[in-house]
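Here is the structure we will look at.
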Amino acid sequence: MKPAPFRYHAPKTVDEAVALLAQVAPDDGRILAGGQSLVPTMAFRLARPRHLVDINGIEALRRLVVEDGALRIGAGVRHAAFHRPVVEGPLGKLLSAVVQHIAHQPIRTRGTFCGSIAHADPASEWCAVAAALDALMVARSVRGERVIAAREFFQGIMSTALAEDELLVEVRLPLLRPDVRVGFSEFNRRAGDFAIAMAVVLYRMQDGTMAESRIAIGGAEAAPRRIEAAEYALKGRAPTADAFAVAAEVIARQLDPLEDNQNTAGYRRDVACTMVRRALEQAS
Ligand SMILES: Cc1cc2nc3c(=O)[nH]c(=O)nc-3n(C[C@H](O)[C@H](O)[C@H](O)COP(=O)(O)OP(=O)(O)OC[C@H]3O[C@@H](n4cnc5c(N)ncnc54)[C@H](O)[C@@H]3O)c2cc1C
């Protein structure tokens with residue numbers, strides 16, 4: 001199939017893009033970033049936007065910089081930018097490990113980090129990372145700029161706190177101290193498929209025990225989130241298989257997994273628990 005007819009707009013600045021979006025969003029206008037989620041749905045006519053505001057020509061959105069203790073990822077930055085660590089230390093290491101799980105190479109050269117965050121597929125790896133790190137999303141519209149915390153941003157399956165006329169201009173990930181240990185694990189049946197469940201974990205060692213732990217689950221529920229009860233279960237414990245098993249048990253009780261025609265909720269719960277154990281083992 002071919003997409004339904006639409007009008008194409010190619011702004012050169014962020015101001016121009018948000019002004020256009022203000023005009024066309026009420027008439028089903030959408031941002032076009034990498035097109036790796038939007039264009040297939042248009043080709044199947046599951047989406048029929050009347051206007052596309054293409055942000056690929058906006059130089060200012062290609063920023064990928066460290067500023068004020070955070071990695072700032074502009075809306076034009078592609079997944080492939082993370083194939084090599086973009087910052088020293090655990091954050092760069094985590095991002096370059098995670099990116100390998102996103103689709104396939106050609107999709108990673110077009111698709112954008114911020115596009116994944118705005119699209120909010122429950123099985124998006126970047127969304128799980130954003131939840132784990134308490135990322136900040138910077139949204140711009142003609143009304144101005146606002147910063148949205150990850151826990152308010154992800155609201156459900158492909159549902160976010162972004163208003164229809166807001167452009168996600170940047171995502172900010174806090175830099176991690178050099179002694180933070182990181183782990184990521186996901187399961188899918190074929191390489192490149194969307195994950196059935198994934199876990200992102202972080203912790204620091206303090207006097208031989210785990211401190212400041214983070215555990216986020218993606219893919220299993222409608223939106224990625226930190227599971228604070230499981231993080232608490234690790235507090236003050238040595239990084240042993242027993243401690244990891246306790247965290248996995250907490251995850252099992254806390255999750256409300258999605259079901260589909262290939263995966264029951266129970267299966268997704270089991271996979272999520274295994275991913276947590278594996279991610280914690282990797283971190284240790
Ligand atoms: C075969 C295949 C396999 C895939 N596998 C995976 C996978 O394993 N994991 C994964 O995470 N993704 C996967 N993807 C999706 C891919 O990562 C996309 O790149 C990503 O979801 C969307 O990014 P994009 O830049 O292509 O956005 P687009 O497709 O251009 O846009 C997606 C949606 O987000 C909106 N949008 C985009 N950018 C912004 C912005 N800056 N502000 C506001 N709204 C915006 C658009 O209007 C649209 O509604 C896969 C895609 C394909 C085709």
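By order of appearance in the structure tokens: chains A, B, ..., then residues from 1 within every chain, and ligands from 1 in the order shown.
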For chain A versus ligand 1, which residues have an atom no more than 8 Å away, and what is each residue's nearest atom pair and distance in Å rounded to one decimal, using only C-alpha atoms and all ligand atoms, chain-then-number order, as a tab-separated table?
residue	atom	partner	partner_atom_place_in_ligand_line	distance
A:Arg30	CA	ligand 1	47 (O)	4.3
A:Ile31	CA	ligand 1	47 (O)	3.8
A:Leu32	CA	ligand 1	30 (O)	4.1
A:Ala33	CA	ligand 1	30 (O)	3.5
A:Gly34	CA	ligand 1	25 (O)	3.4
A:Gly35	CA	ligand 1	30 (O)	3.3
A:Gln36	CA	ligand 1	26 (O)	3.5
A:Ser37	CA	ligand 1	29 (O)	3.5
A:Leu38	CA	ligand 1	29 (O)	3.7
A:Val39	CA	ligand 1	29 (O)	6.0
A:Pro40	CA	ligand 1	53 (C)	6.7
A:Leu52	CA	ligand 1	47 (O)	7.9
A:Ile55	CA	ligand 1	41 (N)	7.8
A:Ala75	CA	ligand 1	41 (N)	4.7
A:Gly76	CA	ligand 1	41 (N)	7.5
A:Arg78	CA	ligand 1	25 (O)	7.2
A:His79	CA	ligand 1	19 (O)	7.4
A:His101	CA	ligand 1	8 (O)	6.1
A:Ile102	CA	ligand 1	8 (O)	4.0
A:Ala103	CA	ligand 1	5 (N)	3.6
A:His104	CA	ligand 1	3 (C)	6.8
A:Ile107	CA	ligand 1	19 (O)	6.2
A:Arg108	CA	ligand 1	19 (O)	6.6
A:Arg110	CA	ligand 1	26 (O)	6.3
A:Gly111	CA	ligand 1	19 (O)	3.2
A:Thr112	CA	ligand 1	25 (O)	3.6
A:Phe113	CA	ligand 1	23 (O)	6.5
A:Cys114	CA	ligand 1	41 (N)	5.3
A:Gly115	CA	ligand 1	38 (N)	3.5
A:Ser116	CA	ligand 1	21 (O)	4.0
A:Ile117	CA	ligand 1	21 (O)	7.5
A:Ala118	CA	ligand 1	34 (O)	4.8
A:His119	CA	ligand 1	34 (O)	4.0
A:Ala120	CA	ligand 1	21 (O)	7.4
A:Asp121	CA	ligand 1	21 (O)	6.8
A:Ala123	CA	ligand 1	11 (O)	6.2
A:Ser124	CA	ligand 1	11 (O)	3.4
A:Glu125	CA	ligand 1	11 (O)	4.9
A:Trp126	CA	ligand 1	11 (O)	6.2
A:Cys127	CA	ligand 1	11 (O)	7.6
A:Ala139	CA	ligand 1	42 (N)	7.6
A:Leu162	CA	ligand 1	43 (C)	7.4
A:Glu166	CA	ligand 1	43 (C)	6.2
A:Leu167	CA	ligand 1	42 (N)	3.9
A:Leu168	CA	ligand 1	42 (N)	3.7
A:Val169	CA	ligand 1	41 (N)	5.5
A:Glu170	CA	ligand 1	41 (N)	7.5
A:Gly192	CA	ligand 1	8 (O)	5.3
A:Asp193	CA	ligand 1	8 (O)	5.0
A:Phe194	CA	ligand 1	8 (O)	4.0
A:Ala195	CA	ligand 1	8 (O)	6.4
Write out as a short mmCIF file (atom, residue, chain, number, x, y, z; two decimals) with N, CA and C atoms, in the first residue's frame the residues lying within 6 Å of range 232-238 of chain A, counting only C-alpha atoms and excluding same-chain residues fewer than 5 positions away.
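Saved as result-v4.cif:
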data_model
loop_
_atom_site.label_atom_id
_atom_site.label_comp_id
_atom_site.auth_asym_id
_atom_site.auth_seq_id
_atom_site.Cartn_x
_atom_site.Cartn_y
_atom_site.Cartn_z
N THR A 209 28.31 -3.74 50.00
CA THR A 209 26.89 -4.00 49.71
C THR A 209 26.38 -3.04 48.62
N MET A 210 25.20 -3.38 48.07
CA MET A 210 24.66 -2.57 46.97
C MET A 210 23.96 -1.32 47.53
N ALA A 211 24.18 -0.21 46.85
CA ALA A 211 23.54 1.05 47.25
C ALA A 211 23.03 1.77 46.01
N ALA A 247 15.15 -9.90 44.52
CA ALA A 247 14.67 -8.78 43.68
C ALA A 247 13.72 -9.31 42.61
#
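Note that CA of Arg181 in chain A and CA of Val250 in chain A are 20.9 Å apart.
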Could you check the closest approach to Gly218 in chain A for each of A:Arg50, A:His9, A:Arg62, A:Arg269 and tell me which residue wins, using only C-alpha atoms? A:Arg269
Which of range 168-233 of chain A end up as strand (DSSP E or B) when DSSP is run on this backbone - answer as a ChimeraX atom specification? /A:168-174,180-187,197-206,209-218,225-226
For Phe44 in chain A, find every residue with an atom within 10 Å (counting only C-alpha atoms), except residues of its own chain fewer than 5 positions away, and show them as a PyMOL selection string. chain A and resi 1-4+39
I want to know what sits within 12 Å of Gly156 in chain A, based on only C-alpha atoms, with residues of the same chain fewer than 2 positions away left out; could you give that as a PyMOL selection string? chain A and resi 118-123+127+151-154+158-161+218-225+258
Would you save the residues from that selection as a PDB file, in the first residue's frame, using N, CA and C atoms?
ATOM      1  N   ALA A 118       9.308   9.658  22.010  1.00  0.00           N
ATOM      2  CA  ALA A 118       7.997  10.266  21.698  1.00  0.00           C
ATOM      3  C   ALA A 118       6.983   9.207  21.278  1.00  0.00           C
ATOM      4  N   HIS A 119       7.465   8.190  20.580  1.00  0.00           N
ATOM      5  CA  HIS A 119       6.578   7.124  20.088  1.00  0.00           C
ATOM      6  C   HIS A 119       6.108   6.228  21.244  1.00  0.00           C
ATOM      7  N   ALA A 120       7.006   6.020  22.225  1.00  0.00           N
ATOM      8  CA  ALA A 120       6.689   5.297  23.471  1.00  0.00           C
ATOM      9  C   ALA A 120       6.102   3.910  23.252  1.00  0.00           C
ATOM     10  N   ASP A 121       6.737   3.162  22.365  1.00  0.00           N
ATOM     11  CA  ASP A 121       6.374   1.744  22.271  1.00  0.00           C
ATOM     12  C   ASP A 121       6.759   1.099  23.618  1.00  0.00           C
ATOM     13  N   PRO A 122       5.889   0.265  24.191  1.00  0.00           N
ATOM     14  CA  PRO A 122       6.225  -0.329  25.495  1.00  0.00           C
ATOM     15  C   PRO A 122       7.550  -1.099  25.452  1.00  0.00           C
ATOM     16  N   ALA A 123       7.912  -1.626  24.268  1.00  0.00           N
ATOM     17  CA  ALA A 123       9.134  -2.429  24.160  1.00  0.00           C
ATOM     18  C   ALA A 123      10.321  -1.628  23.646  1.00  0.00           C
ATOM     19  N   CYS A 127      13.214   3.889  25.945  1.00  0.00           N
ATOM     20  CA  CYS A 127      12.226   4.290  26.965  1.00  0.00           C
ATOM     21  C   CYS A 127      12.557   3.638  28.305  1.00  0.00           C
ATOM     22  N   ARG A 151       8.909   9.753  34.917  1.00  0.00           N
ATOM     23  CA  ARG A 151       7.776   9.065  35.566  1.00  0.00           C
ATOM     24  C   ARG A 151       6.428   9.713  35.212  1.00  0.00           C
ATOM     25  N   GLU A 152       6.461  10.985  34.793  1.00  0.00           N
ATOM     26  CA  GLU A 152       5.201  11.606  34.311  1.00  0.00           C
ATOM     27  C   GLU A 152       5.051  11.463  32.801  1.00  0.00           C
ATOM     28  N   PHE A 153       6.180  11.286  32.129  1.00  0.00           N
ATOM     29  CA  PHE A 153       6.156  11.327  30.660  1.00  0.00           C
ATOM     30  C   PHE A 153       5.481  10.083  30.052  1.00  0.00           C
ATOM     31  N   PHE A 154       5.873   8.874  30.526  1.00  0.00           N
ATOM     32  CA  PHE A 154       5.350   7.643  29.923  1.00  0.00           C
ATOM     33  C   PHE A 154       4.009   7.312  30.571  1.00  0.00           C
ATOM     34  N   MET A 158       2.171   3.646  23.783  1.00  0.00           N
ATOM     35  CA  MET A 158       2.321   4.753  22.819  1.00  0.00           C
ATOM     36  C   MET A 158       1.589   6.015  23.276  1.00  0.00           C
ATOM     37  N   SER A 159       1.633   6.251  24.553  1.00  0.00           N
ATOM     38  CA  SER A 159       0.946   7.409  25.111  1.00  0.00           C
ATOM     39  C   SER A 159       1.909   8.139  26.055  1.00  0.00           C
ATOM     40  N   THR A 160       2.063   9.448  25.816  1.00  0.00           N
ATOM     41  CA  THR A 160       3.008  10.232  26.622  1.00  0.00           C
ATOM     42  C   THR A 160       2.350  11.535  27.087  1.00  0.00           C
ATOM     43  N   ALA A 161       3.096  12.272  27.888  1.00  0.00           N
ATOM     44  CA  ALA A 161       2.605  13.564  28.379  1.00  0.00           C
ATOM     45  C   ALA A 161       2.749  14.672  27.332  1.00  0.00           C
ATOM     46  N   GLY A 218      11.127  -2.879  31.043  1.00  0.00           N
ATOM     47  CA  GLY A 218      10.462  -2.437  29.810  1.00  0.00           C
ATOM     48  C   GLY A 218       9.889  -3.638  29.079  1.00  0.00           C
ATOM     49  N   GLY A 219       8.947  -3.376  28.207  1.00  0.00           N
ATOM     50  CA  GLY A 219       8.406  -4.446  27.366  1.00  0.00           C
ATOM     51  C   GLY A 219       7.329  -5.282  28.023  1.00  0.00           C
ATOM     52  N   ALA A 220       7.349  -5.371  29.343  1.00  0.00           N
ATOM     53  CA  ALA A 220       6.416  -6.272  30.025  1.00  0.00           C
ATOM     54  C   ALA A 220       5.065  -5.601  30.283  1.00  0.00           C
ATOM     55  N   GLU A 221       5.104  -4.319  30.594  1.00  0.00           N
ATOM     56  CA  GLU A 221       3.878  -3.592  30.930  1.00  0.00           C
ATOM     57  C   GLU A 221       3.587  -2.546  29.847  1.00  0.00           C
ATOM     58  N   ALA A 222       2.506  -1.803  30.038  1.00  0.00           N
ATOM     59  CA  ALA A 222       2.110  -0.804  29.034  1.00  0.00           C
ATOM     60  C   ALA A 222       3.153   0.308  28.886  1.00  0.00           C
ATOM     61  N   ALA A 223       3.866   0.582  29.959  1.00  0.00           N
ATOM     62  CA  ALA A 223       4.910   1.615  29.909  1.00  0.00           C
ATOM     63  C   ALA A 223       6.076   1.163  30.779  1.00  0.00           C
ATOM     64  N   PRO A 224       7.293   1.596  30.429  1.00  0.00           N
ATOM     65  CA  PRO A 224       8.442   1.202  31.256  1.00  0.00           C
ATOM     66  C   PRO A 224       8.395   1.938  32.584  1.00  0.00           C
ATOM     67  N   ARG A 225       8.942   1.308  33.627  1.00  0.00           N
ATOM     68  CA  ARG A 225       8.975   2.025  34.918  1.00  0.00           C
ATOM     69  C   ARG A 225       9.998   1.392  35.843  1.00  0.00           C
ATOM     70  N   LEU A 258       1.527  -7.240  30.133  1.00  0.00           N
ATOM     71  CA  LEU A 258       0.663  -7.249  28.959  1.00  0.00           C
ATOM     72  C   LEU A 258       0.504  -8.675  28.462  1.00  0.00           C
TER      73      LEU A 258
END
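Minimum distance to Arg189 in chain A across A:Val18, A:Ser284, A:Val86, A:Gln262 (counting only C-alpha atoms) occurs at A:Gln262.
Near Glu67 in chain A, within 10 Å and counting only C-alpha atoms, sit Leu64, Val65, Gly69, Ala70, Leu71, Arg72, Arg172, Pro174 and Leu175 of chain A, not including residues fewer than 2 positions from it in the same chain.
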Can you write just those residues out, N, CA and C atoms, as a compact mmCIF listing (two decimals), in the first residue's frame?
# COMPACT_ATOMS: atom_id res chain seq x y z
N LEU A 64 24.47 16.56 20.39
CA LEU A 64 24.68 15.46 21.33
C LEU A 64 25.85 15.90 22.20
N VAL A 65 25.53 16.50 23.34
CA VAL A 65 26.58 17.15 24.14
C VAL A 65 26.39 16.84 25.62
N GLY A 69 26.13 18.34 33.77
CA GLY A 69 26.02 17.00 34.36
C GLY A 69 25.07 16.05 33.67
N ALA A 70 24.67 16.41 32.44
CA ALA A 70 23.75 15.51 31.72
C ALA A 70 24.18 15.36 30.27
N LEU A 71 23.87 14.21 29.70
CA LEU A 71 24.04 14.00 28.27
C LEU A 71 22.77 14.51 27.62
N ARG A 72 22.91 15.49 26.73
CA ARG A 72 21.73 16.09 26.09
C ARG A 72 21.64 15.56 24.67
N ARG A 172 17.41 14.55 28.29
CA ARG A 172 18.61 14.70 29.14
C ARG A 172 18.78 13.47 30.02
N PRO A 174 21.13 11.87 33.01
CA PRO A 174 22.18 12.27 33.97
C PRO A 174 23.44 11.44 33.77
N LEU A 175 24.60 12.08 33.88
CA LEU A 175 25.85 11.32 33.81
C LEU A 175 25.93 10.41 35.04
I'd like to know which of A:Val77, A:Ala25, A:Ile58, A:Leu95 is closest to Val171 in chain A, using only C-alpha atoms.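 Closest to Val171 in chain A, using only C-alpha atoms: A:Val77.
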Find the distance between CA of Gly183 in chain A and CA of Thr264 in chain A and write it in Å to one decimal.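 Computing the Euclidean distance for CA of Gly183 in chain A and CA of Thr264 in chain A yields 25.8 Å.
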Shell around range 12-16 of chain A at 9 Å using only C-alpha atoms, local window under 2 positions removed, as a PyMOL selection string: chain A and resi 10+18-21+55-61+140-142+167+169
For the selection you just gave me, I'd like the residues written to a file as a tab-separated table (two decimals), in the first residue's frame, keeping all heavy atoms.
chain	number	residue	atom	x	y	z
A	10	ALA	N	8.96	21.28	5.54
A	10	ALA	CA	10.37	21.06	5.90
A	10	ALA	C	10.96	22.31	6.56
A	10	ALA	O	11.71	23.07	5.93
A	10	ALA	CB	11.17	20.67	4.66
A	18	VAL	N	7.83	24.47	15.45
A	18	VAL	CA	6.75	24.51	16.43
A	18	VAL	C	5.60	25.41	15.96
A	18	VAL	O	4.44	25.15	16.26
A	18	VAL	CB	7.21	24.88	17.87
A	18	VAL	CG1	8.12	23.80	18.44
A	18	VAL	CG2	7.89	26.22	17.94
A	19	ALA	N	5.95	26.46	15.18
A	19	ALA	CA	4.89	27.32	14.64
A	19	ALA	C	4.04	26.52	13.65
A	19	ALA	O	2.79	26.58	13.68
A	19	ALA	CB	5.50	28.54	13.96
A	20	LEU	N	4.70	25.74	12.81
A	20	LEU	CA	3.98	24.88	11.86
A	20	LEU	C	3.12	23.86	12.59
A	20	LEU	O	1.96	23.62	12.25
A	20	LEU	CB	4.99	24.12	10.99
A	20	LEU	CG	5.41	24.76	9.69
A	20	LEU	CD1	6.63	24.05	9.13
A	20	LEU	CD2	4.26	24.68	8.68
A	21	LEU	N	3.73	23.25	13.63
A	21	LEU	CA	3.02	22.21	14.38
A	21	LEU	C	1.76	22.79	15.03
A	21	LEU	O	0.70	22.14	15.06
A	21	LEU	CB	3.97	21.61	15.42
A	21	LEU	CG	3.64	20.24	15.97
A	21	LEU	CD1	3.45	19.20	14.88
A	21	LEU	CD2	4.75	19.77	16.93
A	55	ILE	N	11.56	17.14	10.61
A	55	ILE	CA	12.55	17.90	11.40
A	55	ILE	C	13.99	17.55	11.00
A	55	ILE	O	14.93	18.02	11.63
A	55	ILE	CB	12.34	17.67	12.92
A	55	ILE	CG1	12.42	16.19	13.29
A	55	ILE	CG2	11.02	18.30	13.38
A	55	ILE	CD1	12.44	15.93	14.80
A	56	ASN	N	14.14	16.74	9.95
A	56	ASN	CA	15.49	16.28	9.59
A	56	ASN	C	16.40	17.40	9.08
A	56	ASN	O	17.63	17.26	9.11
A	56	ASN	CB	15.40	15.16	8.56
A	56	ASN	CG	14.96	13.86	9.21
A	56	ASN	OD1	15.75	13.17	9.82
A	56	ASN	ND2	13.66	13.56	9.14
A	57	GLY	N	15.84	18.52	8.63
A	57	GLY	CA	16.67	19.62	8.12
A	57	GLY	C	17.05	20.63	9.21
A	57	GLY	O	17.64	21.66	8.90
A	58	ILE	N	16.72	20.34	10.46
A	58	ILE	CA	17.00	21.32	11.53
A	58	ILE	C	18.33	20.97	12.20
A	58	ILE	O	18.43	20.07	13.04
A	58	ILE	CB	15.85	21.36	12.57
A	58	ILE	CG1	14.51	21.63	11.87
A	58	ILE	CG2	16.13	22.42	13.64
A	58	ILE	CD1	13.30	21.64	12.79
A	59	GLU	N	19.33	21.71	11.81
A	59	GLU	CA	20.70	21.49	12.28
A	59	GLU	C	20.78	21.49	13.83
A	59	GLU	O	21.43	20.64	14.43
A	59	GLU	CB	21.56	22.64	11.70
A	59	GLU	CG	23.01	22.63	12.07
A	59	GLU	CD	23.82	21.67	11.20
A	59	GLU	OE1	23.49	21.56	10.01
A	59	GLU	OE2	24.75	21.05	11.75
A	60	ALA	N	20.07	22.44	14.46
A	60	ALA	CA	20.17	22.61	15.92
A	60	ALA	C	19.72	21.37	16.69
A	60	ALA	O	20.08	21.19	17.85
A	60	ALA	CB	19.34	23.81	16.35
A	61	LEU	N	18.94	20.51	16.05
A	61	LEU	CA	18.44	19.31	16.77
A	61	LEU	C	19.44	18.16	16.73
A	61	LEU	O	19.19	17.11	17.33
A	61	LEU	CB	17.10	18.87	16.17
A	61	LEU	CG	15.93	19.85	16.38
A	61	LEU	CD1	14.67	19.34	15.72
A	61	LEU	CD2	15.68	20.08	17.88
A	140	ARG	N	8.93	21.53	23.43
A	140	ARG	CA	8.80	22.92	22.99
A	140	ARG	C	7.54	23.07	22.15
A	140	ARG	O	7.22	22.19	21.33
A	140	ARG	CB	10.04	23.29	22.17
A	140	ARG	CG	10.11	24.72	21.69
A	140	ARG	CD	10.87	25.64	22.63
A	140	ARG	NE	12.27	25.30	22.71
A	140	ARG	CZ	13.19	25.77	21.86
A	140	ARG	NH1	12.86	26.59	20.90
A	140	ARG	NH2	14.44	25.42	22.01
A	141	SER	N	6.84	24.18	22.38
A	141	SER	CA	5.68	24.53	21.55
A	141	SER	C	5.66	26.05	21.43
A	141	SER	O	6.53	26.72	22.00
A	141	SER	CB	4.39	24.01	22.19
A	141	SER	OG	4.09	24.81	23.33
A	142	VAL	N	4.65	26.58	20.76
A	142	VAL	CA	4.58	28.05	20.66
A	142	VAL	C	4.32	28.67	22.04
A	142	VAL	O	4.55	29.85	22.25
A	142	VAL	CB	3.49	28.51	19.66
A	142	VAL	CG1	3.91	28.25	18.23
A	142	VAL	CG2	2.14	27.88	19.95
A	167	LEU	N	6.91	19.63	20.36
A	167	LEU	CA	8.06	18.94	19.77
A	167	LEU	C	8.98	18.54	20.91
A	167	LEU	O	9.33	19.38	21.75
A	167	LEU	CB	8.77	19.91	18.81
A	167	LEU	CG	10.12	19.47	18.23
A	167	LEU	CD1	9.94	18.26	17.30
A	167	LEU	CD2	10.76	20.61	17.46
A	169	VAL	N	12.29	18.30	21.91
A	169	VAL	CA	13.52	18.82	21.31
A	169	VAL	C	14.76	18.11	21.83
A	169	VAL	O	15.77	18.01	21.13
A	169	VAL	CB	13.70	20.35	21.50
A	169	VAL	CG1	12.77	21.12	20.58
A	169	VAL	CG2	13.52	20.78	22.94
Near-Val246 in chain A list (12 Å; only C-alpha atoms; drop same-chain fewer than 6 positions) as an mmCIF file with N, CA and C atoms, in the first residue's frame:
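What ended up in part-v7.cif:
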data_model
loop_
_atom_site.group_PDB
_atom_site.id
_atom_site.type_symbol
_atom_site.label_atom_id
_atom_site.label_comp_id
_atom_site.auth_asym_id
_atom_site.auth_seq_id
_atom_site.Cartn_x
_atom_site.Cartn_y
_atom_site.Cartn_z
ATOM 1 N N ALA A 229 10.161 -1.126 44.816
ATOM 2 C CA ALA A 229 10.178 -2.164 45.867
ATOM 3 C C ALA A 229 11.331 -3.146 45.618
ATOM 4 N N ALA A 230 11.624 -3.436 44.362
ATOM 5 C CA ALA A 230 12.729 -4.357 44.046
ATOM 6 C C ALA A 230 14.072 -3.674 44.307
ATOM 7 N N GLU A 231 14.122 -2.360 44.014
ATOM 8 C CA GLU A 231 15.362 -1.620 44.299
ATOM 9 C C GLU A 231 15.633 -1.659 45.810
ATOM 10 N N TYR A 232 14.578 -1.463 46.582
ATOM 11 C CA TYR A 232 14.699 -1.452 48.047
ATOM 12 C C TYR A 232 15.184 -2.815 48.568
ATOM 13 N N ALA A 233 14.719 -3.877 47.880
ATOM 14 C CA ALA A 233 15.088 -5.236 48.321
ATOM 15 C C ALA A 233 16.593 -5.492 48.185
ATOM 16 N N LEU A 234 17.267 -4.700 47.349
ATOM 17 C CA LEU A 234 18.717 -4.902 47.175
ATOM 18 C C LEU A 234 19.534 -4.124 48.202
ATOM 19 N N LYS A 235 18.883 -3.153 48.823
ATOM 20 C CA LYS A 235 19.605 -2.220 49.706
ATOM 21 C C LYS A 235 20.350 -2.948 50.823
ATOM 22 N N ARG A 237 22.536 -5.231 50.706
ATOM 23 C CA ARG A 237 22.870 -6.653 50.489
ATOM 24 C C ARG A 237 24.080 -6.764 49.572
ATOM 25 N N PRO A 239 26.085 -8.321 46.376
ATOM 26 C CA PRO A 239 25.568 -8.713 45.062
ATOM 27 C C PRO A 239 25.715 -10.221 44.812
ATOM 28 N N THR A 240 24.840 -10.974 45.428
ATOM 29 C CA THR A 240 24.903 -12.430 45.308
ATOM 30 C C THR A 240 23.668 -12.938 44.561
ATOM 31 N N ALA A 252 8.161 -10.064 40.331
ATOM 32 C CA ALA A 252 7.050 -10.962 39.969
ATOM 33 C C ALA A 252 5.752 -10.503 40.618
ATOM 34 N N ARG A 253 5.842 -10.028 41.862
ATOM 35 C CA ARG A 253 4.631 -9.583 42.575
ATOM 36 C C ARG A 253 4.149 -8.215 42.092
ATOM 37 N N CYS A 273 11.406 -11.457 35.132
ATOM 38 C CA CYS A 273 12.192 -11.827 36.328
ATOM 39 C C CYS A 273 13.564 -12.358 35.922
ATOM 40 N N THR A 274 13.584 -13.162 34.870
ATOM 41 C CA THR A 274 14.867 -13.695 34.394
ATOM 42 C C THR A 274 15.751 -12.555 33.885
ATOM 43 N N VAL A 276 15.795 -9.502 34.888
ATOM 44 C CA VAL A 276 16.334 -8.764 36.045
ATOM 45 C C VAL A 276 17.535 -9.505 36.631
ATOM 46 N N ARG A 277 17.372 -10.796 36.804
ATOM 47 C CA ARG A 277 18.505 -11.572 37.372
ATOM 48 C C ARG A 277 19.728 -11.468 36.471
ATOM 49 N N LEU A 280 21.348 -8.017 36.610
ATOM 50 C CA LEU A 280 22.081 -7.826 37.873
ATOM 51 C C LEU A 280 23.385 -8.625 37.861
#
